[in-house]
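As stored in coords.txt (compact mmCIF, C-alpha atoms):
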```
# COMPACT_ATOMS: atom_id res chain seq x y z
CA MET A 3 -11.48 -22.82 -4.53
CA ILE A 4 -9.02 -20.12 -3.46
CA ILE A 5 -9.28 -18.61 0.02
CA SER A 6 -7.10 -15.68 1.00
CA PHE A 7 -6.42 -14.47 4.52
CA HIS A 8 -5.59 -10.79 4.98
CA SER A 9 -5.12 -8.39 7.84
CA TYR A 10 -4.37 -4.72 8.18
CA LYS A 11 -1.98 -5.07 11.09
CA GLY A 12 0.34 -7.97 11.88
CA GLY A 13 -0.26 -10.31 14.80
CA THR A 14 -3.94 -10.94 14.16
CA GLY A 15 -3.33 -14.71 13.98
CA LYS A 16 -3.52 -15.30 10.23
CA THR A 17 -0.87 -17.99 9.98
CA ASN A 18 -2.24 -19.96 12.93
CA VAL A 19 -5.76 -19.81 11.54
CA VAL A 20 -4.50 -20.81 8.06
CA GLY A 21 -2.47 -23.75 9.43
CA ASN A 22 -5.29 -24.99 11.63
CA LEU A 23 -7.98 -24.54 8.98
CA ALA A 24 -5.92 -26.42 6.39
CA THR A 25 -5.22 -29.23 8.87
CA HIS A 26 -8.89 -29.48 9.85
CA LEU A 27 -9.93 -29.68 6.19
CA THR A 28 -7.37 -32.39 5.40
CA ASN A 29 -8.39 -34.33 8.53
CA ASN A 30 -11.83 -34.39 6.94
CA GLY A 31 -10.61 -35.83 3.65
CA LYS A 32 -10.01 -32.63 1.69
CA LYS A 33 -6.85 -31.87 -0.26
CA VAL A 34 -5.42 -28.49 0.57
CA MET A 35 -2.40 -26.44 -0.47
CA ILE A 36 -1.19 -23.42 1.50
CA ILE A 37 0.84 -20.72 -0.24
CA ASP A 38 2.80 -18.37 1.98
CA LEU A 39 2.66 -14.94 0.33
CA ASP A 40 4.00 -13.08 3.32
CA THR A 41 7.49 -12.32 2.01
CA ALA A 42 8.14 -9.83 4.83
CA GLY A 43 7.39 -12.32 7.61
CA PRO A 44 6.74 -15.84 6.35
CA GLY A 45 5.67 -18.33 9.01
CA ILE A 46 3.93 -21.33 7.47
CA HIS A 47 7.19 -23.28 7.19
CA SER A 48 7.78 -22.86 10.95
CA LEU A 49 4.24 -23.70 11.97
CA LEU A 50 4.05 -26.82 9.78
CA ASP A 51 7.72 -27.71 10.12
CA VAL A 52 8.52 -27.61 6.41
CA GLN A 53 12.17 -28.27 5.59
CA TYR A 54 12.59 -26.50 2.27
CA SER A 55 15.26 -25.48 -0.16
CA ASN A 56 13.18 -23.74 -2.83
CA SER A 57 10.46 -21.24 -2.14
CA LEU A 58 7.87 -19.08 -3.84
CA THR A 59 10.38 -16.38 -4.72
CA SER A 60 12.66 -18.95 -6.41
CA TYR A 61 9.72 -19.84 -8.67
CA LEU A 62 8.80 -16.21 -9.36
CA SER A 63 12.38 -15.40 -10.30
CA LYS A 64 12.35 -18.49 -12.55
CA GLU A 65 15.12 -20.30 -10.70
CA CYS A 66 12.97 -23.42 -10.45
CA ASP A 67 9.69 -24.99 -11.55
CA ALA A 68 6.27 -25.12 -9.88
CA ASP A 69 6.94 -28.71 -8.75
CA ASP A 70 10.18 -27.77 -6.96
CA ILE A 71 8.51 -25.47 -4.45
CA CYS A 72 5.50 -27.54 -3.40
CA TYR A 73 6.10 -29.75 -0.35
CA ASP A 74 3.91 -32.76 0.39
CA LEU A 75 3.26 -32.79 4.15
CA GLY A 76 1.10 -35.92 4.05
CA ASN A 77 -2.61 -36.45 4.76
CA GLY A 78 -3.49 -34.38 1.64
CA LEU A 79 -1.74 -31.24 2.85
CA TYR A 80 0.74 -29.37 0.64
CA ALA A 81 2.65 -26.18 1.34
CA ILE A 82 4.53 -23.64 -0.72
CA PRO A 83 6.83 -21.80 1.68
CA CYS A 84 8.35 -18.38 1.25
CA LYS A 85 11.78 -17.07 2.09
CA VAL A 86 11.95 -13.83 4.02
CA THR A 87 12.82 -10.83 1.88
CA GLU A 88 12.40 -7.11 2.24
CA GLU A 89 10.86 -6.86 -1.22
CA ASP A 90 7.22 -7.40 -2.15
CA MET A 91 6.84 -10.64 -4.13
CA THR A 92 5.70 -8.67 -7.20
CA THR A 93 9.21 -7.22 -7.55
CA TYR A 94 10.47 -10.66 -8.61
CA CYS A 95 8.65 -10.32 -11.93
CA ASP A 96 8.48 -7.62 -14.59
CA ASN A 97 5.20 -6.29 -13.22
CA VAL A 98 2.13 -7.17 -11.14
CA ALA A 99 0.28 -8.63 -14.12
CA VAL A 100 3.11 -11.12 -14.79
CA THR A 101 3.23 -12.03 -11.08
CA LYS A 102 -0.51 -12.64 -11.10
CA GLN A 103 -0.22 -14.82 -14.18
CA LEU A 104 2.58 -16.89 -12.62
CA ILE A 105 0.66 -17.36 -9.36
CA GLU A 106 -2.46 -18.41 -11.25
CA GLN A 107 -0.41 -20.87 -13.33
CA LEU A 108 1.18 -22.22 -10.15
CA ILE A 109 -2.21 -22.75 -8.52
CA GLY A 110 -3.73 -24.24 -11.68
CA HIS A 111 -0.83 -26.68 -12.04
CA HIS A 112 -1.08 -28.01 -8.48
CA VAL A 113 -4.89 -28.09 -8.39
CA GLU A 114 -4.79 -30.36 -11.40
CA LYS A 115 -1.81 -32.45 -10.27
CA HIS A 116 -2.95 -33.08 -6.68
CA HIS A 117 -6.72 -32.76 -7.23
CA LEU A 118 -6.85 -30.00 -4.63
CA ASP A 119 -10.12 -28.93 -3.07
CA TYR A 120 -8.75 -25.74 -1.54
CA VAL A 121 -5.83 -23.38 -1.98
CA ILE A 122 -5.27 -21.09 1.00
CA LEU A 123 -3.21 -17.93 0.63
CA ASP A 124 -1.51 -16.57 3.74
CA CYS A 125 -1.01 -12.92 2.80
CA SER A 126 1.27 -10.23 4.14
CA PRO A 127 -0.41 -7.78 6.51
CA GLY A 128 -1.28 -4.32 5.27
CA ILE A 129 -2.04 -3.04 1.83
CA SER A 130 0.56 -4.04 -0.71
CA LYS A 131 0.64 -5.09 -4.31
CA SER A 132 0.85 -8.75 -3.27
CA SER A 133 -2.12 -8.56 -0.88
CA LEU A 134 -4.21 -6.80 -3.54
CA LEU A 135 -3.14 -9.46 -6.04
CA ALA A 136 -4.30 -12.19 -3.64
CA LEU A 137 -7.56 -10.34 -3.05
CA SER A 138 -8.14 -10.20 -6.80
CA ILE A 139 -7.74 -13.95 -7.37
CA ALA A 140 -9.47 -15.28 -4.25
CA ASP A 141 -12.94 -16.82 -4.37
CA ILE A 142 -13.31 -16.20 -0.63
CA PRO A 143 -11.17 -13.31 0.61
CA ILE A 144 -11.18 -13.09 4.39
CA ILE A 145 -9.85 -10.27 6.54
CA LEU A 146 -8.84 -11.39 9.97
CA THR A 147 -9.14 -8.70 12.58
CA THR A 148 -9.09 -8.19 16.32
CA VAL A 149 -10.88 -5.55 18.38
CA ASP A 150 -7.66 -3.50 18.30
CA LYS A 151 -8.45 0.10 17.39
CA GLN A 152 -5.98 0.10 14.50
CA ASP A 153 -7.41 -3.17 13.15
CA ILE A 154 -10.94 -1.78 13.09
CA GLY A 155 -9.85 1.28 11.08
CA GLY A 156 -7.77 -0.90 8.78
CA THR A 157 -10.66 -3.27 8.19
CA TYR A 158 -12.65 -0.32 6.89
CA VAL A 159 -9.84 0.51 4.44
CA PHE A 160 -9.73 -3.11 3.26
CA SER A 161 -13.50 -3.31 2.88
CA ALA A 162 -13.49 -0.13 0.79
CA ILE A 163 -10.74 -1.54 -1.44
CA ALA A 164 -12.67 -4.78 -1.86
CA GLN A 165 -15.77 -2.82 -2.84
CA LYS A 166 -13.74 -0.98 -5.47
CA MET A 167 -12.47 -4.30 -6.78
CA LYS A 168 -16.02 -5.65 -6.72
CA LYS A 169 -14.98 -8.48 -4.38
CA LYS A 170 -17.18 -9.79 -1.59
CA LEU A 171 -14.97 -9.56 1.47
CA HIS A 172 -15.58 -11.73 4.54
CA VAL A 173 -14.44 -10.85 8.00
CA MET A 174 -13.26 -13.09 10.80
CA PHE A 175 -12.84 -11.69 14.29
CA ASN A 176 -10.05 -13.20 16.33
CA LYS A 177 -9.04 -12.87 19.99
CA ILE A 178 -12.44 -11.50 21.05
CA PRO A 179 -12.24 -10.80 24.79
CA VAL A 180 -14.21 -13.42 26.70
CA GLN A 181 -15.52 -10.90 29.20
CA LYS A 182 -18.33 -8.77 27.77
CA HIS A 183 -18.30 -11.14 24.81
CA ASP A 184 -21.97 -10.66 23.94
CA ALA A 185 -21.79 -6.86 23.97
CA ILE A 186 -18.60 -6.85 21.89
CA THR A 187 -20.03 -9.35 19.40
CA GLY A 188 -23.08 -7.10 18.99
CA ILE A 189 -20.87 -4.10 18.21
CA LEU A 190 -18.81 -6.13 15.72
CA GLU A 191 -21.93 -7.44 13.97
CA GLU A 192 -23.25 -3.91 13.53
CA PHE A 193 -19.84 -2.73 12.28
CA SER A 194 -19.65 -5.58 9.75
CA GLU A 195 -23.11 -4.81 8.41
CA LYS A 196 -22.24 -1.16 7.87
CA MET A 197 -19.02 -2.15 6.10
CA SER A 198 -20.93 -4.65 3.91
CA LEU A 199 -18.77 -7.42 5.34
CA SER A 200 -20.05 -10.92 5.87
CA ILE A 201 -18.89 -12.49 9.15
CA ILE A 202 -17.43 -15.92 8.38
CA GLY A 203 -16.10 -16.74 11.83
CA THR A 204 -15.27 -15.61 15.32
CA ILE A 205 -12.63 -16.86 17.74
CA HIS A 206 -12.37 -15.92 21.40
CA TYR A 207 -9.20 -14.82 23.09
CA ASP A 208 -7.72 -18.19 23.95
CA SER A 209 -4.92 -18.60 26.48
CA ASP A 210 -4.45 -22.29 25.47
CA MET A 211 -3.72 -21.14 21.95
CA LEU A 212 -1.25 -18.51 23.08
CA ASP A 213 0.48 -21.06 25.30
CA LEU A 214 1.28 -23.18 22.25
CA TRP A 215 3.51 -20.43 20.83
CA SER A 216 2.93 -21.79 17.31
CA ARG A 217 4.65 -25.03 18.28
CA LYS A 218 1.69 -27.29 17.72
CA ILE A 219 -1.39 -27.39 15.55
CA MET A 220 -4.28 -26.93 17.96
CA VAL A 221 -6.87 -28.89 15.95
CA ASN A 222 -4.62 -31.97 16.25
CA TYR A 223 -3.28 -31.25 19.73
CA LYS A 224 -6.63 -30.44 21.37
CA PRO A 225 -9.48 -31.18 18.96
CA SER A 226 -12.05 -30.49 21.68
CA SER A 227 -10.72 -27.00 22.48
CA GLU A 228 -12.83 -23.91 21.90
CA PHE A 229 -10.37 -22.74 19.25
CA SER A 230 -10.63 -26.06 17.35
CA LYS A 231 -14.44 -25.85 17.46
CA ARG A 232 -14.34 -22.35 15.97
CA ILE A 233 -12.00 -23.55 13.22
CA ALA A 234 -14.45 -26.38 12.50
CA GLU A 235 -17.28 -23.84 12.20
CA LEU A 236 -15.18 -21.74 9.83
CA ALA A 237 -14.43 -24.83 7.69
CA GLU A 238 -18.12 -25.69 7.60
CA ARG A 239 -19.05 -22.20 6.35
CA ILE A 240 -16.32 -22.34 3.71
CA GLU A 241 -17.53 -25.76 2.55
CA LEU A 242 -21.08 -24.40 2.26
CA LYS A 243 -19.84 -21.50 0.15
CA ASN A 244 -17.81 -23.88 -2.00
CA THR A 245 -20.89 -26.01 -2.64
CA SER A 246 -22.98 -22.99 -3.47
CA ILE A 247 -20.32 -21.63 -5.87
CA LYS A 248 -20.02 -25.06 -7.56
CA ASN A 249 -23.81 -25.28 -7.93
CA SER A 250 -24.03 -21.83 -9.48
CA ASP A 251 -21.36 -22.70 -12.12
CA MET B 10 29.13 -1.39 3.01
CA ASN B 11 30.14 -1.63 6.67
CA LEU B 12 27.83 -2.76 9.45
CA GLY B 13 27.13 0.79 10.70
CA ALA B 14 26.16 2.00 7.23
CA GLU B 15 23.93 -1.04 6.69
CA PHE B 16 22.26 -0.44 10.03
CA ASN B 17 21.61 3.21 9.14
CA GLU B 18 20.18 2.16 5.80
CA ILE B 19 17.76 -0.23 7.55
CA LEU B 20 16.76 2.51 10.01
CA LYS B 21 16.12 4.87 7.11
CA ARG B 22 13.87 2.31 5.43
CA LEU B 23 12.00 1.68 8.68
CA ASP B 24 11.45 5.43 9.07
CA SER B 25 10.12 5.64 5.56
CA LEU B 26 7.78 2.70 6.16
CA GLU B 27 6.61 4.23 9.42
CA ASP B 28 5.82 7.50 7.61
CA ARG B 29 3.75 5.63 5.06
CA VAL B 30 1.81 3.81 7.78
CA MET B 31 1.26 7.10 9.62
CA ASP B 32 -0.06 8.62 6.40
CA LEU B 33 -2.52 5.77 6.05
CA GLU B 34 -3.67 5.80 9.62
CA PHE B 35 -3.64 9.41 10.63
CA GLY B 36 -3.35 11.34 7.35
CA SER B 37 -5.04 14.71 7.67
CA THR B 38 -5.13 15.49 3.96
CA PRO B 39 -8.57 15.45 2.38
CA ILE B 40 -7.83 12.08 0.81
CA ASP B 41 -7.18 10.12 4.05
CA ASP B 42 -7.94 6.47 3.32
CA HIS B 43 -8.08 7.24 -0.39
CA ILE B 44 -4.29 7.17 -0.35
CA ALA B 45 -4.51 3.47 0.24
CA LEU B 46 -7.49 2.96 -2.00
CA SER B 47 -5.85 4.79 -4.85
CA LEU B 48 -3.54 1.80 -5.32
CA THR B 49 -6.42 0.31 -7.25
CA VAL B 50 -6.69 3.30 -9.61
CA PRO B 51 -4.63 3.35 -12.84
CA ASP B 52 -1.70 5.80 -12.76
CA ALA B 53 -3.17 8.28 -15.27
CA LEU B 54 -6.45 8.53 -13.36
CA ARG B 55 -4.66 8.70 -10.01
CA LYS B 56 -2.99 11.97 -11.01
CA THR B 57 -6.40 13.48 -11.74
CA LEU B 58 -7.81 12.06 -8.50
CA PHE B 59 -5.01 13.53 -6.43
CA ALA B 60 -5.44 16.88 -8.18
CA VAL B 61 -9.12 17.00 -7.16
CA ALA B 62 -8.15 15.91 -3.63
CA LYS B 63 -5.68 18.78 -3.45
CA LEU B 64 -8.00 21.39 -4.99
CA GLY B 65 -11.07 20.39 -2.97
CA GLU B 66 -13.60 21.35 -5.61
CA ALA B 67 -12.48 21.88 -9.18
CA THR B 68 -13.51 22.15 -12.81
CA ALA B 69 -11.76 20.29 -15.62
CA VAL B 70 -9.91 23.53 -16.42
CA ASP B 71 -8.67 23.81 -12.81
CA VAL B 72 -7.49 20.20 -12.87
CA SER B 73 -5.84 20.69 -16.26
CA LYS B 74 -3.88 23.69 -14.95
CA TYR B 75 -2.79 21.66 -11.92
CA THR B 76 -1.72 18.54 -13.80
CA GLN B 77 -0.38 20.38 -16.83
CA ARG B 78 -2.29 18.00 -19.05
CA HIS B 79 -4.85 18.86 -21.74
CA ARG B 80 -8.39 19.72 -20.60
CA THR B 81 -10.05 17.13 -22.87
CA MET B 82 -7.89 14.43 -21.32
CA GLU B 83 -8.79 15.59 -17.81
CA ASN B 84 -12.47 15.70 -18.80
CA ARG B 85 -12.26 12.07 -19.83
CA HIS B 86 -10.47 11.10 -16.60
CA LEU B 87 -12.93 13.04 -14.44
CA ASN B 88 -15.90 11.33 -16.09
CA GLU B 89 -14.27 7.94 -15.56
CA LEU B 90 -13.67 8.75 -11.87
CA VAL B 91 -17.30 9.81 -11.45
CA ARG B 92 -18.49 6.60 -13.15
CA SER B 93 -16.31 4.45 -10.87
CA GLY B 94 -17.56 6.16 -7.73
CA TRP B 95 -14.52 8.20 -6.76
CA LEU B 96 -15.89 11.67 -7.44
CA ASN B 97 -19.09 13.65 -7.15
CA GLU B 98 -20.02 16.11 -9.86
CA LYS B 99 -22.37 19.08 -9.66
CA ARG B 100 -23.34 21.62 -12.28
CA ILE B 101 -23.39 25.33 -11.45
CA SER B 102 -24.62 27.32 -14.45
CA LYS B 103 -22.53 26.01 -17.33
CA LYS B 104 -19.65 24.63 -15.30
CA LYS B 105 -19.21 21.18 -13.80
CA TYR B 106 -17.48 20.99 -10.43
CA TYR B 107 -15.84 17.83 -9.17
CA SER B 108 -15.09 16.82 -5.58
CA LEU B 109 -14.13 13.67 -3.70
CA LYS B 110 -16.93 11.33 -2.81
CA ARG B 111 -16.35 10.44 0.82
CA ARG B 112 -17.74 7.45 2.55
CA VAL B 113 -18.92 9.53 5.43
CA ASP B 114 -21.26 6.91 6.82
CA GLN B 115 -18.64 4.18 6.91
CA GLN B 116 -15.99 6.46 8.35
CA GLN B 117 -18.47 7.57 11.00
CA SER B 118 -19.19 3.93 11.70
CA VAL B 119 -15.49 3.23 12.37
CA LEU B 120 -15.45 6.05 14.92
CA GLU B 121 -18.65 4.83 16.57
CA THR B 122 -17.41 1.23 16.72
CA ASN B 123 -14.13 2.24 18.31
CA LYS B 124 -15.97 4.50 20.76
CA ALA B 125 -18.28 1.64 21.77
CA LEU B 126 -15.30 -0.71 22.15
CA ASP B 127 -13.43 1.96 24.16
CA ASP B 128 -16.37 2.11 26.55
CA LEU B 129 -16.37 -1.66 26.98
CA LEU B 130 -12.64 -2.23 27.06
CA GLY B 131 -11.73 0.81 29.09
CA GLY B 132 -10.00 2.80 26.34
```

Just dump the structure as structure tokens.
Amino acid sequence: MIISFHSYKGGTGKTNVVGNLATHLTNNGKKVMIIDLDTAGPGIHSLLDVQYSNSLTSYLSKECDADDICYDLGNGLYAIPCKVTEEDMTTYCDNVAVTKQLIEQLIGHHVEKHHLDYVILDCSPGISKSSLLALSIADIPIILTTVDKQDIGGTYVFSAIAQKMKKKLHVMFNKIPVQKHDAITGILEEFSEKMSLSIIGTIHYDSDMLDLWSRKIMVNYKPSSEFSKRIAELAERIELKNTSIKNSD
Amino acid sequence: MNLGAEFNEILKRLDSLEDRVMDLEFGSTPIDDHIALSLTVPDALRKTLFAVAKLGEATAVDVSKYTQRHRTMENRHLNELVRSGWLNEKRISKKKYYSLKRRVDQQQSVLETNKALDDLLGG
């Protein structure tokens, strides 16, 4: 199953959620591979401390094979890092269709080789060819948003694009202010319904999380924290969807 | 290229990116968010879509004059855009007029949500 994490603006917490979700899933016996698609600001290698020489763009530009860019981090967790570049990843191939084909082959190869349960795509913020590509191949596309005014508007744009692409988009709200939490949650639920978005998770504004400065994985560091509990809930919902998709096949 | 020239080149690119973001967020043209959405529309259809956006309400002949492409081709594109939910069509006597289909309800909802959050968060 492929899960993609998107956002309209940067700084919504995608990479931290991706890293923690993947770690939680592997702690529970699942095999997970993360692919960093954020060529403009890759971060998975920092968060998970991946020492790499080859990256996604090396594979796309055919400098190396699929096996050369996948790093085994132990405990069933694999990561494909990305080098920072000012170009969208689709520019490394002849066109978007070729890029999509290569990414699908890459995923297929590693799913088979490592018997992966989940592949998680950490996408670049905003609307780009690579984020639309990820949206098109994901089984569960998720837009991560905050209550920031620009994020709310951007979430509408993303939901409209997903509707056009006939994809069921899920939304996850992050950094929800703790004060007035109930009132804000009510507003966000109504908003999601009008946008035809299904809420897959919510995370409160968490000062413990911010204090980590991406230097630790919260679900391992403080498994009993509020953030870790919310990640566990997210994982549970994803597992339910996975089961339901498998049953319908 | 010396450091100063490289720096200016980066600044130029940042400006261009900023303009694109501003277009997406605050664009006042009739297509607004459709600029972003149109990434999902094939190039040939996009030209027709942008022509209708520019003209407001138009017949296939109007669009054909604007795009400088044949009317039968524009007719085909317009029908495709209506089928895929981009355009509205209405018939007045023998002519068909096309206009952008706007997601008024959802756009209104964004405004209402931000207003409600402003009230709560002191915006």

Using only C-alpha atoms, which protein or nucleic acid residues come within 12 Å of Thr187 of chain A? Drop anything in the same chain fewer than 3 positions from it, and give the result as an mmCIF file with C-alpha atoms, in the coordinates of the input.
```cif
data_model
loop_
_atom_site.group_PDB
_atom_site.id
_atom_site.type_symbol
_atom_site.label_atom_id
_atom_site.label_comp_id
_atom_site.auth_asym_id
_atom_site.auth_seq_id
_atom_site.Cartn_x
_atom_site.Cartn_y
_atom_site.Cartn_z
ATOM 1 C CA THR A 148 -9.090 -8.190 16.320
ATOM 2 C CA VAL A 149 -10.880 -5.550 18.380
ATOM 3 C CA MET A 174 -13.260 -13.090 10.800
ATOM 4 C CA PHE A 175 -12.840 -11.690 14.290
ATOM 5 C CA ASN A 176 -10.050 -13.200 16.330
ATOM 6 C CA LYS A 177 -9.040 -12.870 19.990
ATOM 7 C CA ILE A 178 -12.440 -11.500 21.050
ATOM 8 C CA PRO A 179 -12.240 -10.800 24.790
ATOM 9 C CA VAL A 180 -14.210 -13.420 26.700
ATOM 10 C CA GLN A 181 -15.520 -10.900 29.200
ATOM 11 C CA LYS A 182 -18.330 -8.770 27.770
ATOM 12 C CA HIS A 183 -18.300 -11.140 24.810
ATOM 13 C CA ASP A 184 -21.970 -10.660 23.940
ATOM 14 C CA LEU A 190 -18.810 -6.130 15.720
ATOM 15 C CA GLU A 191 -21.930 -7.440 13.970
ATOM 16 C CA GLU A 192 -23.250 -3.910 13.530
ATOM 17 C CA PHE A 193 -19.840 -2.730 12.280
ATOM 18 C CA SER A 194 -19.650 -5.580 9.750
ATOM 19 C CA ILE A 201 -18.890 -12.490 9.150
ATOM 20 C CA GLY A 203 -16.100 -16.740 11.830
ATOM 21 C CA THR A 204 -15.270 -15.610 15.320
ATOM 22 C CA ILE A 205 -12.630 -16.860 17.740
ATOM 23 C CA HIS A 206 -12.370 -15.920 21.400
ATOM 24 C CA THR B 122 -17.410 1.230 16.720
ATOM 25 C CA ALA B 125 -18.280 1.640 21.770
ATOM 26 C CA LEU B 126 -15.300 -0.710 22.150
ATOM 27 C CA LEU B 129 -16.370 -1.660 26.980
#
```

Given the choices A:Met220, A:Leu242, A:Leu199, A:Ala234, which gets closest to chain B if the distance is worked out from all atoms listed in the file?
->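 Among the listed residues, A:Leu199 lies closest to chain B.
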
Which is closer to Ala69 of chain B than all the others in B:Lys104, B:Asn97, B:Arg55, B:Val91, using only C-alpha atoms?
->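 Under the stated criterion, the closest residue is B:Lys104.
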
Compile the residues of chain A that lie within 7 Å of chain B, evaluated using all atoms listed in the file, and express the compilation as a ChimeraX atom specification.
-> /A:151,154-155,159,163,186,189,193,196-197

In terms of all atoms listed in the file, the residue from A:Ser250, A:Asn29, A:Asn97, A:Thr157 at minimal distance from Ile144 of chain A is A:Thr157

Between atom CA of Ile219 of chain A and atom CA of Tyr10 of chain A, distance in Å (one decimal) |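 Atom CA of Tyr10 of chain A lies at a distance of 24.0 Å from atom CA of Ile219 of chain A.
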
Which is closer to Arg85 of chain B than all the others in B:Arg100, B:Phe59, B:Ser108, B:Ala53, using all atoms listed in the file?
->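 Using all atoms listed in the file, the shortest distance to Arg85 of chain B belongs to B:Ala53.
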
Provide the atom CA of Phe7 of chain A to atom CA of Val34 of chain A distance in Å, to one decimal place.
-> 14.6 Å

What's the 10 Å shell around Gly78 of chain A, counting all atoms listed in the file, without same-chain residues fewer than 3 positions away, as a ChimeraX atom specification?
-> /A:24-25,27-35,74-75,116-119

Would you mind listing what lies within 9 Å of Ser63 of chain A as a PyMOL selection string, with all atoms listed in the file counted and same-chain residues fewer than 3 positions away left out?
-> chain A and resi 58-60+66+94-95

Coordinates-based distance that separates atom CA of Leu123 of chain A from atom CA of Ala42 of chain A (Å, one decimal) |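 Interatomic distance, atom CA of Ala42 of chain A to atom CA of Leu123 of chain A: 14.6 Å.
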
Which polymer residues have any atom within 10 Å of an atom of Glu98 of chain B, counting all atoms listed in the file, with same-chain residues fewer than 6 positions away left out, as a PyMOL selection string?
-> chain B and resi 66-68+87-88+90-91+105-110

Using only C-alpha atoms, please write the residues we just selected to a file, as a JSON list (two decimals), in the coordinates of the input.
```
[["chain", "number", "residue", "atom", "x", "y", "z"],
["B", 66, "GLU", "CA", -13.60, 21.35, -5.61],
["B", 67, "ALA", "CA", -12.48, 21.88, -9.18],
["B", 68, "THR", "CA", -13.51, 22.15, -12.81],
["B", 87, "LEU", "CA", -12.93, 13.04, -14.44],
["B", 88, "ASN", "CA", -15.90, 11.33, -16.09],
["B", 90, "LEU", "CA", -13.67, 8.75, -11.87],
["B", 91, "VAL", "CA", -17.30, 9.81, -11.45],
["B", 105, "LYS", "CA", -19.21, 21.18, -13.80],
["B", 106, "TYR", "CA", -17.48, 20.99, -10.43],
["B", 107, "TYR", "CA", -15.84, 17.83, -9.17],
["B", 108, "SER", "CA", -15.09, 16.82, -5.58],
["B", 109, "LEU", "CA", -14.13, 13.67, -3.70],
["B", 110, "LYS", "CA", -16.93, 11.33, -2.81]]
```

Excluding Ala68 of chain A and any residue of its chain fewer than 3 positions from it, enumerate the residues within 10 Å of it, using only C-alpha atoms, and give them as a ChimeraX atom specification.
-> /A:56-58,60-62,64,71-72,82,104-105,107-109,111-112

Just the selected residues (C-alpha atoms), exported as a PDB file, in the coordinates of the input, please.
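Below is the file part_10.pdb, written as the result:
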```pdb
ATOM      1  CA  ASN A  56      13.180 -23.740  -2.830  1.00  0.00           C
ATOM      2  CA  SER A  57      10.460 -21.240  -2.140  1.00  0.00           C
ATOM      3  CA  LEU A  58       7.870 -19.080  -3.840  1.00  0.00           C
ATOM      4  CA  SER A  60      12.660 -18.950  -6.410  1.00  0.00           C
ATOM      5  CA  TYR A  61       9.720 -19.840  -8.670  1.00  0.00           C
ATOM      6  CA  LEU A  62       8.800 -16.210  -9.360  1.00  0.00           C
ATOM      7  CA  LYS A  64      12.350 -18.490 -12.550  1.00  0.00           C
ATOM      8  CA  ILE A  71       8.510 -25.470  -4.450  1.00  0.00           C
ATOM      9  CA  CYS A  72       5.500 -27.540  -3.400  1.00  0.00           C
ATOM     10  CA  ILE A  82       4.530 -23.640  -0.720  1.00  0.00           C
ATOM     11  CA  LEU A 104       2.580 -16.890 -12.620  1.00  0.00           C
ATOM     12  CA  ILE A 105       0.660 -17.360  -9.360  1.00  0.00           C
ATOM     13  CA  GLN A 107      -0.410 -20.870 -13.330  1.00  0.00           C
ATOM     14  CA  LEU A 108       1.180 -22.220 -10.150  1.00  0.00           C
ATOM     15  CA  ILE A 109      -2.210 -22.750  -8.520  1.00  0.00           C
ATOM     16  CA  HIS A 111      -0.830 -26.680 -12.040  1.00  0.00           C
ATOM     17  CA  HIS A 112      -1.080 -28.010  -8.480  1.00  0.00           C
TER      18      HIS A 112
END
```

Find the residue from A:Asn249, A:Gln152, A:Ser6, A:Asn244 that sits nearest to Val121 of chain A; use only C-alpha atoms when measuring.
->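 Using only C-alpha atoms, the shortest distance to Val121 of chain A belongs to A:Ser6.
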
Find the residue from A:Tyr73, A:Cys125, A:Gly45, A:Ile139 that sits nearest to Gln103 of chain A; use only C-alpha atoms when measuring.
-> A:Ile139

Using only C-alpha atoms, can you list as a PyMOL selection string the residues within 8 Å of (11.0, -11.7, 0.3)?
-> chain A and resi 40-42+59+84-91
